[in-house]
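S.K.: Got a structure for you, my_file-v8.cif, holding mmCIF, C-alpha atoms.
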data_entry
loop_
_atom_site.group_PDB
_atom_site.id
_atom_site.type_symbol
_atom_site.label_atom_id
_atom_site.label_comp_id
_atom_site.auth_asym_id
_atom_site.auth_seq_id
_atom_site.Cartn_x
_atom_site.Cartn_y
_atom_site.Cartn_z
ATOM 1 C CA MET F 4 -17.252 24.061 -9.279
ATOM 2 C CA GLU F 5 -18.277 21.093 -11.420
ATOM 3 C CA PHE F 6 -16.446 19.111 -14.086
ATOM 4 C CA PHE F 7 -19.672 17.739 -15.563
ATOM 5 C CA ARG F 8 -23.339 18.654 -15.385
ATOM 6 C CA GLN F 9 -26.249 16.285 -15.892
ATOM 7 C CA THR F 10 -24.154 13.385 -17.155
ATOM 8 C CA ASN F 11 -25.866 10.124 -18.019
ATOM 9 C CA PHE F 12 -23.141 7.489 -18.119
ATOM 10 C CA ASP F 13 -24.311 3.915 -17.691
ATOM 11 C CA PHE F 14 -22.031 3.021 -14.776
ATOM 12 C CA ILE F 15 -24.219 0.226 -13.409
ATOM 13 C CA GLY F 16 -24.616 -1.391 -16.829
ATOM 14 C CA MET F 17 -20.863 -2.106 -16.923
ATOM 15 C CA ARG F 18 -20.884 -4.145 -13.739
ATOM 16 C CA LYS F 19 -20.317 -7.515 -15.461
ATOM 17 C CA PHE F 20 -16.967 -6.287 -16.764
ATOM 18 C CA THR F 21 -15.991 -4.660 -13.478
ATOM 19 C CA TYR F 22 -16.951 -7.813 -11.564
ATOM 20 C CA ALA F 23 -14.525 -9.724 -13.778
ATOM 21 C CA PHE F 24 -11.779 -7.128 -13.236
ATOM 22 C CA SER F 25 -12.232 -7.154 -9.456
ATOM 23 C CA ILE F 26 -12.333 -10.946 -9.161
ATOM 24 C CA ILE F 27 -9.261 -11.448 -11.360
ATOM 25 C CA SER F 28 -7.344 -8.708 -9.527
ATOM 26 C CA LEU F 29 -8.141 -10.142 -6.104
ATOM 27 C CA LEU F 30 -7.260 -13.680 -7.173
ATOM 28 C CA LEU F 31 -3.894 -12.481 -8.510
ATOM 29 C CA ALA F 32 -3.240 -10.546 -5.306
ATOM 30 C CA ILE F 33 -4.087 -13.543 -3.127
ATOM 31 C CA VAL F 34 -1.952 -15.893 -5.269
ATOM 32 C CA PHE F 35 1.073 -13.603 -4.986
ATOM 33 C CA LEU F 36 0.517 -13.257 -1.229
ATOM 34 C CA ILE F 37 0.436 -17.054 -0.874
ATOM 35 C CA ILE F 38 3.527 -17.526 -3.056
ATOM 36 C CA ASN F 39 5.388 -14.825 -1.125
ATOM 37 C CA GLY F 40 4.322 -16.257 2.238
ATOM 38 C CA GLY F 41 2.415 -13.111 3.126
ATOM 39 C CA PRO F 42 3.339 -9.412 2.914
ATOM 40 C CA ASN F 43 6.981 -8.368 2.895
ATOM 41 C CA TYR F 44 7.084 -7.327 6.553
ATOM 42 C CA GLY F 45 9.723 -4.799 7.525
ATOM 43 C CA VAL F 46 11.696 -4.340 10.718
ATOM 44 C CA ASP F 47 8.672 -2.778 12.438
ATOM 45 C CA PHE F 48 6.847 -6.119 12.341
ATOM 46 C CA THR F 49 9.643 -8.691 12.292
ATOM 47 C CA GLY F 50 12.045 -7.086 14.745
ATOM 48 C CA GLY F 51 15.425 -5.517 14.061
ATOM 49 C CA THR F 52 17.397 -2.303 14.378
ATOM 50 C CA SER F 53 16.874 1.073 12.747
ATOM 51 C CA ILE F 54 19.665 3.688 12.774
ATOM 52 C CA HIS F 55 19.223 7.314 11.749
ATOM 53 C CA VAL F 56 22.587 8.846 10.811
ATOM 54 C CA ARG F 57 23.716 12.162 9.327
ATOM 55 C CA PHE F 58 27.052 12.605 7.538
ATOM 56 C CA ASN F 59 28.897 15.913 7.354
ATOM 57 C CA ALA F 60 30.446 15.051 3.987
ATOM 58 C CA PRO F 61 28.893 13.780 0.747
ATOM 59 C CA THR F 62 28.158 10.069 1.160
ATOM 60 C CA ASP F 63 26.197 7.545 -0.859
ATOM 61 C CA PRO F 64 24.418 4.324 0.210
ATOM 62 C CA GLY F 65 27.051 2.196 -1.544
ATOM 63 C CA GLN F 66 29.790 3.510 0.730
ATOM 64 C CA ILE F 67 27.702 2.784 3.809
ATOM 65 C CA ARG F 68 26.911 -0.730 2.612
ATOM 66 C CA SER F 69 30.578 -1.442 1.944
ATOM 67 C CA ALA F 70 31.487 -0.219 5.428
ATOM 68 C CA ILE F 71 29.060 -2.552 7.229
ATOM 69 C CA SER F 72 29.296 -5.566 4.905
ATOM 70 C CA ALA F 73 32.281 -7.033 6.752
ATOM 71 C CA ALA F 74 30.179 -7.203 9.907
ATOM 72 C CA GLY F 75 27.519 -9.230 8.083
ATOM 73 C CA TYR F 76 25.091 -6.424 7.303
ATOM 74 C CA GLY F 77 25.609 -6.177 3.558
ATOM 75 C CA ASP F 78 21.902 -6.809 2.959
ATOM 76 C CA ALA F 79 20.813 -3.927 5.197
ATOM 77 C CA GLU F 80 18.167 -1.544 3.932
ATOM 78 C CA ILE F 81 19.701 1.898 3.428
ATOM 79 C CA LYS F 82 17.525 4.876 2.539
ATOM 80 C CA ASN F 83 18.479 8.460 1.820
ATOM 81 C CA LEU F 84 16.301 10.794 3.899
ATOM 82 C CA GLY F 85 15.227 14.131 2.473
ATOM 83 C CA ASN F 86 17.463 15.814 -0.101
ATOM 84 C CA LYS F 87 20.686 14.059 -1.064
ATOM 85 C CA SER F 88 22.627 17.181 -0.079
ATOM 86 C CA GLU F 89 21.567 16.672 3.540
ATOM 87 C CA ASN F 90 23.429 13.315 3.681
ATOM 88 C CA MET F 91 20.938 11.801 6.105
ATOM 89 C CA PHE F 92 20.340 8.046 5.990
ATOM 90 C CA LEU F 93 18.171 5.413 7.583
ATOM 91 C CA ILE F 94 19.856 2.026 8.040
ATOM 92 C CA ARG F 95 17.608 -0.933 8.847
ATOM 93 C CA VAL F 96 18.741 -4.464 9.596
ATOM 94 C CA GLY F 97 16.643 -7.453 10.539
ATOM 95 C CA LEU F 98 17.088 -9.382 13.751
ATOM 96 C CA SER F 99 19.569 -12.210 13.233
ATOM 97 C CA GLY F 100 19.479 -14.996 15.814
ATOM 98 C CA SER F 101 20.554 -13.688 19.214
ATOM 99 C CA ASP F 102 22.229 -10.603 17.734
ATOM 100 C CA VAL F 103 20.792 -7.708 19.701
ATOM 101 C CA GLN F 104 23.834 -5.404 19.382
ATOM 102 C CA ALA F 105 23.474 -4.533 15.710
ATOM 103 C CA GLY F 106 23.302 -0.819 16.509
ATOM 104 C CA ASP F 107 26.623 -0.831 18.361
ATOM 105 C CA ILE F 108 28.315 -2.986 15.714
ATOM 106 C CA ILE F 109 27.162 -0.783 12.821
ATOM 107 C CA GLN F 110 28.240 2.372 14.632
ATOM 108 C CA ARG F 111 31.674 0.844 15.240
ATOM 109 C CA GLU F 112 32.021 -0.139 11.572
ATOM 110 C CA LEU F 113 31.006 3.335 10.408
ATOM 111 C CA ASN F 114 33.540 4.958 12.739
ATOM 112 C CA SER F 115 36.248 2.593 11.500
ATOM 113 C CA LYS F 116 35.581 2.322 7.755
ATOM 114 C CA LEU F 117 34.247 5.826 7.151
ATOM 115 C CA ALA F 118 36.575 7.768 9.411
ATOM 116 C CA ASP F 119 37.023 10.358 6.642
ATOM 117 C CA HIS F 120 33.246 10.893 6.598
ATOM 118 C CA PRO F 121 32.380 12.552 9.926
ATOM 119 C CA HIS F 122 28.885 11.596 11.004
ATOM 120 C CA GLU F 123 26.380 11.877 13.820
ATOM 121 C CA ILE F 124 24.056 9.119 15.016
ATOM 122 C CA LEU F 125 20.692 10.826 15.492
ATOM 123 C CA SER F 126 18.770 7.830 16.818
ATOM 124 C CA VAL F 127 18.947 4.080 17.248
ATOM 125 C CA THR F 128 15.696 2.115 17.504
ATOM 126 C CA GLN F 129 15.664 -1.569 18.286
ATOM 127 C CA ILE F 130 12.530 -3.724 18.037
ATOM 128 C CA GLY F 131 12.570 -7.262 19.395
ATOM 129 C CA PRO F 132 10.740 -10.135 17.695
ATOM 130 C CA LYS F 133 8.078 -10.197 20.411
ATOM 131 C CA ILE F 134 7.237 -6.515 19.971
ATOM 132 C CA GLY F 135 7.226 -6.934 16.192
ATOM 133 C CA GLY F 136 4.770 -9.840 16.474
ATOM 134 C CA GLU F 137 2.541 -7.833 18.802
ATOM 135 C CA LEU F 138 2.522 -4.921 16.355
ATOM 136 C CA ARG F 139 1.542 -7.270 13.537
ATOM 137 C CA THR F 140 -1.308 -8.740 15.592
ATOM 138 C CA SER F 141 -2.480 -5.288 16.697
ATOM 139 C CA ALA F 142 -2.510 -4.124 13.085
ATOM 140 C CA MET F 143 -4.757 -7.028 12.084
ATOM 141 C CA TYR F 144 -7.083 -6.352 15.009
ATOM 142 C CA ALA F 145 -7.254 -2.662 14.085
ATOM 143 C CA VAL F 146 -8.386 -3.469 10.546
ATOM 144 C CA VAL F 147 -10.897 -6.157 11.620
ATOM 145 C CA VAL F 148 -12.417 -4.041 14.410
ATOM 146 C CA GLY F 149 -12.645 -1.070 12.042
ATOM 147 C CA LEU F 150 -14.486 -3.120 9.419
ATOM 148 C CA LEU F 151 -16.907 -4.548 11.997
ATOM 149 C CA GLY F 152 -17.586 -1.082 13.364
ATOM 150 C CA MET F 153 -18.339 0.222 9.869
ATOM 151 C CA LEU F 154 -20.608 -2.770 9.197
ATOM 152 C CA ILE F 155 -22.679 -1.957 12.299
ATOM 153 C CA TYR F 156 -22.763 1.791 11.669
ATOM 154 C CA ILE F 157 -23.727 1.594 7.975
ATOM 155 C CA SER F 158 -26.382 -1.040 8.765
ATOM 156 C CA TRP F 159 -27.888 1.421 11.238
ATOM 157 C CA ARG F 160 -27.660 4.459 8.951
ATOM 158 C CA PHE F 161 -28.678 2.708 5.725
ATOM 159 C CA GLU F 162 -29.506 -0.985 5.293
ATOM 160 C CA PHE F 163 -27.605 -4.195 5.931
ATOM 161 C CA LYS F 164 -27.155 -4.868 2.204
ATOM 162 C CA PHE F 165 -25.449 -1.489 1.816
ATOM 163 C CA ALA F 166 -23.251 -2.185 4.842
ATOM 164 C CA VAL F 167 -22.084 -5.506 3.405
ATOM 165 C CA GLY F 168 -21.335 -3.859 0.055
ATOM 166 C CA ALA F 169 -19.270 -1.158 1.777
ATOM 167 C CA VAL F 170 -17.265 -3.607 3.908
ATOM 168 C CA VAL F 171 -16.595 -5.914 0.954
ATOM 169 C CA SER F 172 -15.381 -2.908 -1.053
ATOM 170 C CA LEU F 173 -12.970 -1.966 1.755
ATOM 171 C CA PHE F 174 -11.673 -5.530 1.885
ATOM 172 C CA HIS F 175 -11.319 -5.355 -1.913
ATOM 173 C CA ASP F 176 -9.288 -2.124 -1.698
ATOM 174 C CA VAL F 177 -6.927 -3.366 1.008
ATOM 175 C CA ILE F 178 -6.229 -6.703 -0.716
ATOM 176 C CA PHE F 179 -5.747 -4.956 -4.075
ATOM 177 C CA VAL F 180 -3.131 -2.517 -2.741
ATOM 178 C CA LEU F 181 -1.512 -5.215 -0.584
ATOM 179 C CA GLY F 182 -1.219 -7.399 -3.675
ATOM 180 C CA ILE F 183 0.543 -4.623 -5.594
ATOM 181 C CA TYR F 184 2.857 -4.087 -2.628
ATOM 182 C CA THR F 185 3.704 -7.796 -2.663
ATOM 183 C CA ILE F 186 4.177 -8.002 -6.440
ATOM 184 C CA LEU F 187 6.561 -5.021 -6.377
ATOM 185 C CA GLY F 188 8.405 -6.365 -3.319
ATOM 186 C CA MET F 189 7.622 -3.269 -1.270
ATOM 187 C CA GLU F 190 8.043 -3.379 2.491
ATOM 188 C CA MET F 191 5.107 -3.496 4.874
ATOM 189 C CA SER F 192 6.032 -1.088 7.668
ATOM 190 C CA LEU F 193 4.127 0.976 10.220
ATOM 191 C CA THR F 194 4.126 3.830 7.714
ATOM 192 C CA ALA F 195 2.576 1.538 5.116
ATOM 193 C CA LEU F 196 0.010 0.403 7.693
ATOM 194 C CA ALA F 197 -0.934 4.035 8.285
ATOM 195 C CA ALA F 198 -1.417 4.385 4.526
ATOM 196 C CA PHE F 199 -3.680 1.312 4.412
ATOM 197 C CA LEU F 200 -5.851 2.637 7.252
ATOM 198 C CA THR F 201 -6.037 5.993 5.467
ATOM 199 C CA ILE F 202 -7.174 4.180 2.320
ATOM 200 C CA VAL F 203 -9.978 2.560 4.327
ATOM 201 C CA GLY F 204 -11.058 5.980 5.603
ATOM 202 C CA TYR F 205 -10.974 7.597 2.164
ATOM 203 C CA SER F 206 -12.807 4.730 0.496
ATOM 204 C CA ILE F 207 -15.599 4.544 3.065
ATOM 205 C CA ASN F 208 -16.070 8.324 2.878
ATOM 206 C CA ASP F 209 -16.510 8.147 -0.905
ATOM 207 C CA THR F 210 -18.889 5.194 -0.540
ATOM 208 C CA ILE F 211 -21.022 7.003 2.039
ATOM 209 C CA VAL F 212 -21.388 10.010 -0.285
ATOM 210 C CA VAL F 213 -22.711 7.745 -3.049
ATOM 211 C CA TYR F 214 -24.941 5.826 -0.632
ATOM 212 C CA ASP F 215 -26.386 9.031 0.773
ATOM 213 C CA ARG F 216 -27.381 10.250 -2.673
ATOM 214 C CA ILE F 217 -28.911 6.842 -3.470
ATOM 215 C CA ARG F 218 -30.975 7.026 -0.281
ATOM 216 C CA GLU F 219 -32.238 10.505 -1.184
ATOM 217 C CA ASN F 220 -33.161 9.439 -4.709
ATOM 218 C CA VAL F 221 -34.937 6.285 -3.506
ATOM 219 C CA LYS F 222 -37.368 8.589 -1.689
ATOM 220 C CA LEU F 223 -37.704 10.985 -4.638
ATOM 221 C CA LEU F 224 -37.912 8.372 -7.407
ATOM 222 C CA ARG F 225 -39.968 5.662 -5.750
ATOM 223 C CA ARG F 226 -41.376 4.275 -8.976
ATOM 224 C CA GLU F 227 -37.998 3.848 -10.632
ATOM 225 C CA PRO F 228 -36.015 0.564 -10.369
ATOM 226 C CA LEU F 229 -33.024 0.578 -8.031
ATOM 227 C CA ASP F 230 -30.446 0.147 -10.799
ATOM 228 C CA LYS F 231 -31.694 3.296 -12.545
ATOM 229 C CA ILE F 232 -31.717 5.202 -9.244
ATOM 230 C CA MET F 233 -28.133 4.132 -8.588
ATOM 231 C CA ASN F 234 -27.042 5.243 -12.049
ATOM 232 C CA ILE F 235 -28.639 8.644 -11.530
ATOM 233 C CA SER F 236 -27.019 8.950 -8.095
ATOM 234 C CA VAL F 237 -23.529 8.069 -9.329
ATOM 235 C CA ASN F 238 -23.838 10.584 -12.171
ATOM 236 C CA GLN F 239 -24.968 13.254 -9.724
ATOM 237 C CA THR F 240 -21.944 12.673 -7.475
ATOM 238 C CA LEU F 241 -19.488 12.314 -10.370
ATOM 239 C CA SER F 242 -18.279 15.909 -10.313
ATOM 240 C CA ARG F 243 -17.664 15.811 -6.558
ATOM 241 C CA THR F 244 -15.862 12.472 -6.859
ATOM 242 C CA LEU F 245 -13.546 13.756 -9.585
ATOM 243 C CA LEU F 246 -12.769 16.999 -7.755
ATOM 244 C CA THR F 247 -11.888 15.145 -4.566
ATOM 245 C CA GLY F 248 -10.009 12.321 -6.278
ATOM 246 C CA VAL F 249 -7.974 14.417 -8.714
ATOM 247 C CA SER F 250 -6.945 16.982 -6.071
ATOM 248 C CA THR F 251 -5.887 14.145 -3.740
ATOM 249 C CA LEU F 252 -3.910 12.424 -6.491
ATOM 250 C CA VAL F 253 -2.057 15.643 -7.346
ATOM 251 C CA VAL F 254 -0.938 16.044 -3.730
ATOM 252 C CA LEU F 255 0.105 12.385 -3.522
ATOM 253 C CA ALA F 256 2.062 12.638 -6.771
ATOM 254 C CA VAL F 257 3.998 15.610 -5.361
ATOM 255 C CA LEU F 258 4.670 13.672 -2.150
ATOM 256 C CA PHE F 259 5.883 10.665 -4.112
ATOM 257 C CA PHE F 260 8.298 12.545 -6.375
ATOM 258 C CA LYS F 261 9.416 15.305 -3.970
ATOM 259 C CA GLY F 262 8.854 13.892 -0.505
ATOM 260 C CA GLY F 263 11.963 11.738 -0.272
ATOM 261 C CA GLU F 264 12.492 8.005 -0.403
ATOM 262 C CA VAL F 265 11.161 7.311 3.088
ATOM 263 C CA ILE F 266 7.686 8.542 2.177
ATOM 264 C CA HIS F 267 7.571 6.808 -1.226
ATOM 265 C CA GLY F 268 5.783 3.716 0.083
ATOM 266 C CA PHE F 269 3.200 5.799 1.954
ATOM 267 C CA ALA F 270 2.451 8.058 -1.025
ATOM 268 C CA PHE F 271 2.406 5.142 -3.473
ATOM 269 C CA ALA F 272 -0.064 3.130 -1.361
ATOM 270 C CA LEU F 273 -2.356 6.146 -0.975
ATOM 271 C CA PHE F 274 -2.186 6.943 -4.699
ATOM 272 C CA ILE F 275 -3.226 3.431 -5.715
ATOM 273 C CA GLY F 276 -5.722 3.275 -2.836
ATOM 274 C CA THR F 277 -7.384 6.531 -3.886
ATOM 275 C CA VAL F 278 -7.878 5.280 -7.442
ATOM 276 C CA ILE F 279 -9.161 1.837 -6.448
ATOM 277 C CA GLY F 280 -11.237 3.291 -3.590
ATOM 278 C CA THR F 281 -13.067 5.613 -5.984
ATOM 279 C CA TYR F 282 -13.642 2.680 -8.352
ATOM 280 C CA SER F 283 -14.918 0.360 -5.600
ATOM 281 C CA SER F 284 -17.423 2.898 -4.264
ATOM 282 C CA VAL F 285 -19.417 2.370 -7.457
ATOM 283 C CA TYR F 286 -18.357 -0.964 -8.893
ATOM 284 C CA VAL F 287 -18.093 -2.967 -5.678
ATOM 285 C CA ALA F 288 -20.081 -1.335 -2.880
ATOM 286 C CA SER F 289 -23.034 -0.076 -4.934
ATOM 287 C CA VAL F 290 -23.374 -2.955 -7.404
ATOM 288 C CA LEU F 291 -23.152 -5.561 -4.635
ATOM 289 C CA ALA F 292 -25.986 -3.816 -2.810
ATOM 290 C CA LEU F 293 -27.961 -3.710 -6.074
ATOM 291 C CA ASP F 294 -27.455 -7.379 -6.924
ATOM 292 C CA TRP F 295 -28.234 -8.424 -3.361
ATOM 293 C CA ASP F 296 -31.462 -6.416 -3.572
ATOM 294 C CA LYS F 297 -32.319 -8.159 -6.852
ATOM 295 C CA TYR F 298 -31.564 -11.551 -5.281
ATOM 296 C CA LEU F 299 -33.823 -10.829 -2.310
ATOM 297 C CA GLU F 300 -36.575 -9.656 -4.644
ATOM 298 C CA VAL F 301 -36.380 -12.879 -6.682
ATOM 299 C CA ARG F 302 -36.533 -14.954 -3.485
ATOM 300 C CA LYS F 303 -39.542 -12.995 -2.339
ATOM 301 C CA GLN F 304 -41.323 -13.559 -5.657
ATOM 302 C CA LYS F 305 -40.577 -17.291 -5.545
ATOM 303 C CA LYS F 306 -41.966 -17.588 -2.019
ATOM 304 C CA THR F 307 -45.080 -15.663 -3.028
ATOM 305 C CA ALA F 308 -45.579 -17.883 -6.082
ATOM 306 C CA ALA F 309 -45.103 -21.020 -3.953
ATOM 307 C CA ARG F 310 -47.716 -19.865 -1.447
ATOM 308 C CA MET F 311 -50.201 -19.086 -4.223
ATOM 309 C CA ALA F 312 -49.605 -22.504 -5.838
ATOM 310 C CA ARG F 313 -50.659 -24.357 -2.689
#
Take the structure in the file and write it out as structure tokens.

M.R.:
Amino acid sequence: MEFFRQTNFDFIGMRKFTYAFSIISLLLAIVFLIINGGPNYGVDFTGGTSIHVRFNAPTDPGQIRSAISAAGYGDAEIKNLGNKSENMFLIRVGLSGSDVQAGDIIQRELNSKLADHPHEILSVTQIGPKIGGELRTSAMYAVVVGLLGMLIYISWRFEFKFAVGAVVSLFHDVIFVLGIYTILGMEMSLTALAAFLTIVGYSINDTIVVYDRIRENVKLLRREPLDKIMNISVNQTLSRTLLTGVSTLVVLAVLFFKGGEVIHGFAFALFIGTVIGTYSSVYVASVLALDWDKYLEVRKQKKTAARMAR
């Protein structure tokens, strides 16, 4: 199945505009990250308590917040899990000083203030500040090691210039989505981290497909300039890219609107990541490799001219 056949869009010719878009977007993302003091880390990374509770009578987050406000947890994060009719909630509170009994205190307040709302505590998870810091460090290491591994692998399978283009595009995608997360005040949790790593996997897969077609066409069209070969290759993979991207976006849209509040952040990050990952496969990874190739060619010509002038 193909959306288009034998298209001839000038993707590479638009790279000046897309360079401007990417640079401006990344600068805005970085500025907001600096202003915000980094991502909005959740309990998973900063430490705190997470309580999973199910009520046997209709209850809303406002009632829960009122019940625990007197104990100093009025700013707790309260999410409705699944369908509202299930009356299941996730209550998250950050670690405050030496307070390590938040779970017990919240349970006591719920039993006291919502006695007419029978409930069951399904789980209580407490993460100390040390564990949260270790998770944050491990997450950074995971991303860095993954990028280095991809740099080595793509250099071996293709060329170093293609590897650099791919890694820069992944960095571009992560910072772009992280910037949107920060601008919207969304929480960076372990679920969000899983979404970011999935974005990296999706983006590099799309980039490799484009790179593989470029490599094939370089052998078939040896007399053609690289920019024309890249344009042909992107047009040839366009149908596949749209089929994969659109089908993925449909699934993510369903997850976002029907999957419940807890999965909103995950689905949202993947939705934006899929769009920007498809864009960066062409307008970051490929065009960087092209312009690097042009730069190396100019340097080579200058050295040759200098040798001949002696």

S.K.: I'd like the contact shell of stretch 66-80 of chain F - 6 Å cut-off, only C-alpha atoms, skipping same-chain residues fewer than 6 positions apart - returned as a PyMOL selection string.

M.R.: chain F and resi 94-96+112+116

S.K.: Pick the closest to F:Arg218 from F:Leu245, F:Lys261, F:Arg160, F:Gly50: which is it, counting all atoms listed in the file?

M.R.: F:Arg160

S.K.: I'd like the neighbourhood of F:Leu84 as a list in words, where a residue qualifies if any of its atoms comes within 12 Å (using only C-alpha atoms), though same-chain residues fewer than 4 positions away should be ignored.

M.R.: Ile54, His55, Val56, Arg57, Phe58, Asp63, Pro64, Ser88, Glu89, Asn90, Met91, Phe92, Leu93, Ile94, Lys261, Gly262, Gly263, Glu264, Val265, Ile266 and His267 of chain F

S.K.: With the file shown as input, list the residues that the PyMOL selection byres ((chain F and resi 39) around 12) selects, as an MDAnalysis selection string.

M.R.: chainID F and resid 32:38 40:44 181:182 184:189

S.K.: Atom CA of F:Gly168 and atom CA of F:Val287, how far apart in Å?

M.R.: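 About the pair atom CA of F:Val287 and atom CA of F:Gly168: they are 6.6 Å apart.
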
S.K.: Evaluate the PyMOL selection byres ((chain F and resi 295-305) around 12) and record the selected residues as a list of chain:residue names, following the chain and residue labels used in the document.

M.R.: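 Output from the PyMOL selection byres ((chain F and resi 295-305) around 12), applied to this file: F:Glu162, F:Phe163, F:Lys164, F:Phe165, F:Ala166, F:Val167, F:Gly168, F:Pro228, F:Leu229, F:Asp230, F:Val287, F:Ala288, F:Ser289, F:Val290, F:Leu291, F:Ala292, F:Leu293, F:Asp294, F:Lys306, F:Thr307, F:Ala308, F:Ala309, F:Arg310, F:Met311, F:Ala312.
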
S.K.: Skip F:Ala256 itself and residues of its chain fewer than 6 positions away, then list as a ChimeraX atom specification all residues within 9 Å of it, counting all atoms listed in the file.

M.R.: /F:270-271,274

S.K.: Can you spit out stretch 115-130 of chain F with N, CA and C atoms, as a PDB file, in the first residue's frame, from the structure just given?

M.R.:
ATOM      1  N   SER F 115     -10.499   9.481  58.446  1.00  0.00           N
ATOM      2  CA  SER F 115     -11.202  10.404  59.339  1.00  0.00           C
ATOM      3  C   SER F 115     -12.164  11.325  58.585  1.00  0.00           C
ATOM      4  N   LYS F 116     -11.677  11.963  57.529  1.00  0.00           N
ATOM      5  CA  LYS F 116     -12.471  12.982  56.833  1.00  0.00           C
ATOM      6  C   LYS F 116     -13.431  12.406  55.794  1.00  0.00           C
ATOM      7  N   LEU F 117     -13.116  11.236  55.293  1.00  0.00           N
ATOM      8  CA  LEU F 117     -13.984  10.611  54.282  1.00  0.00           C
ATOM      9  C   LEU F 117     -14.511   9.278  54.792  1.00  0.00           C
ATOM     10  N   ALA F 118     -14.982   9.293  56.021  1.00  0.00           N
ATOM     11  CA  ALA F 118     -15.494   8.062  56.631  1.00  0.00           C
ATOM     12  C   ALA F 118     -16.731   7.554  55.895  1.00  0.00           C
ATOM     13  N   ASP F 119     -17.477   8.476  55.272  1.00  0.00           N
ATOM     14  CA  ASP F 119     -18.679   8.080  54.523  1.00  0.00           C
ATOM     15  C   ASP F 119     -18.351   7.645  53.098  1.00  0.00           C
ATOM     16  N   HIS F 120     -17.060   7.604  52.777  1.00  0.00           N
ATOM     17  CA  HIS F 120     -16.605   7.117  51.470  1.00  0.00           C
ATOM     18  C   HIS F 120     -15.674   5.922  51.698  1.00  0.00           C
ATOM     19  N   PRO F 121     -16.237   4.736  51.869  1.00  0.00           N
ATOM     20  CA  PRO F 121     -15.381   3.557  52.109  1.00  0.00           C
ATOM     21  C   PRO F 121     -14.337   3.412  51.010  1.00  0.00           C
ATOM     22  N   HIS F 122     -13.123   3.077  51.394  1.00  0.00           N
ATOM     23  CA  HIS F 122     -12.054   2.984  50.410  1.00  0.00           C
ATOM     24  C   HIS F 122     -11.065   1.889  50.794  1.00  0.00           C
ATOM     25  N   GLU F 123     -10.251   1.545  49.809  1.00  0.00           N
ATOM     26  CA  GLU F 123      -9.225   0.510  50.004  1.00  0.00           C
ATOM     27  C   GLU F 123      -7.891   1.036  49.477  1.00  0.00           C
ATOM     28  N   ILE F 124      -6.864   0.960  50.303  1.00  0.00           N
ATOM     29  CA  ILE F 124      -5.524   1.360  49.874  1.00  0.00           C
ATOM     30  C   ILE F 124      -4.900   0.179  49.132  1.00  0.00           C
ATOM     31  N   LEU F 125      -4.683   0.350  47.844  1.00  0.00           N
ATOM     32  CA  LEU F 125      -4.147  -0.738  47.018  1.00  0.00           C
ATOM     33  C   LEU F 125      -2.633  -0.842  47.117  1.00  0.00           C
ATOM     34  N   SER F 126      -1.961   0.299  47.228  1.00  0.00           N
ATOM     35  CA  SER F 126      -0.498   0.264  47.348  1.00  0.00           C
ATOM     36  C   SER F 126       0.012   1.599  47.858  1.00  0.00           C
ATOM     37  N   VAL F 127       1.124   1.553  48.558  1.00  0.00           N
ATOM     38  CA  VAL F 127       1.812   2.747  49.015  1.00  0.00           C
ATOM     39  C   VAL F 127       3.281   2.609  48.636  1.00  0.00           C
ATOM     40  N   THR F 128       3.773   3.526  47.835  1.00  0.00           N
ATOM     41  CA  THR F 128       5.171   3.495  47.388  1.00  0.00           C
ATOM     42  C   THR F 128       5.874   4.747  47.888  1.00  0.00           C
ATOM     43  N   GLN F 129       6.990   4.522  48.559  1.00  0.00           N
ATOM     44  CA  GLN F 129       7.750   5.662  49.072  1.00  0.00           C
ATOM     45  C   GLN F 129       9.150   5.640  48.482  1.00  0.00           C
ATOM     46  N   ILE F 130       9.575   6.778  47.932  1.00  0.00           N
ATOM     47  CA  ILE F 130      10.897   6.902  47.316  1.00  0.00           C
ATOM     48  C   ILE F 130      11.669   7.988  48.046  1.00  0.00           C
TER      49      ILE F 130
END
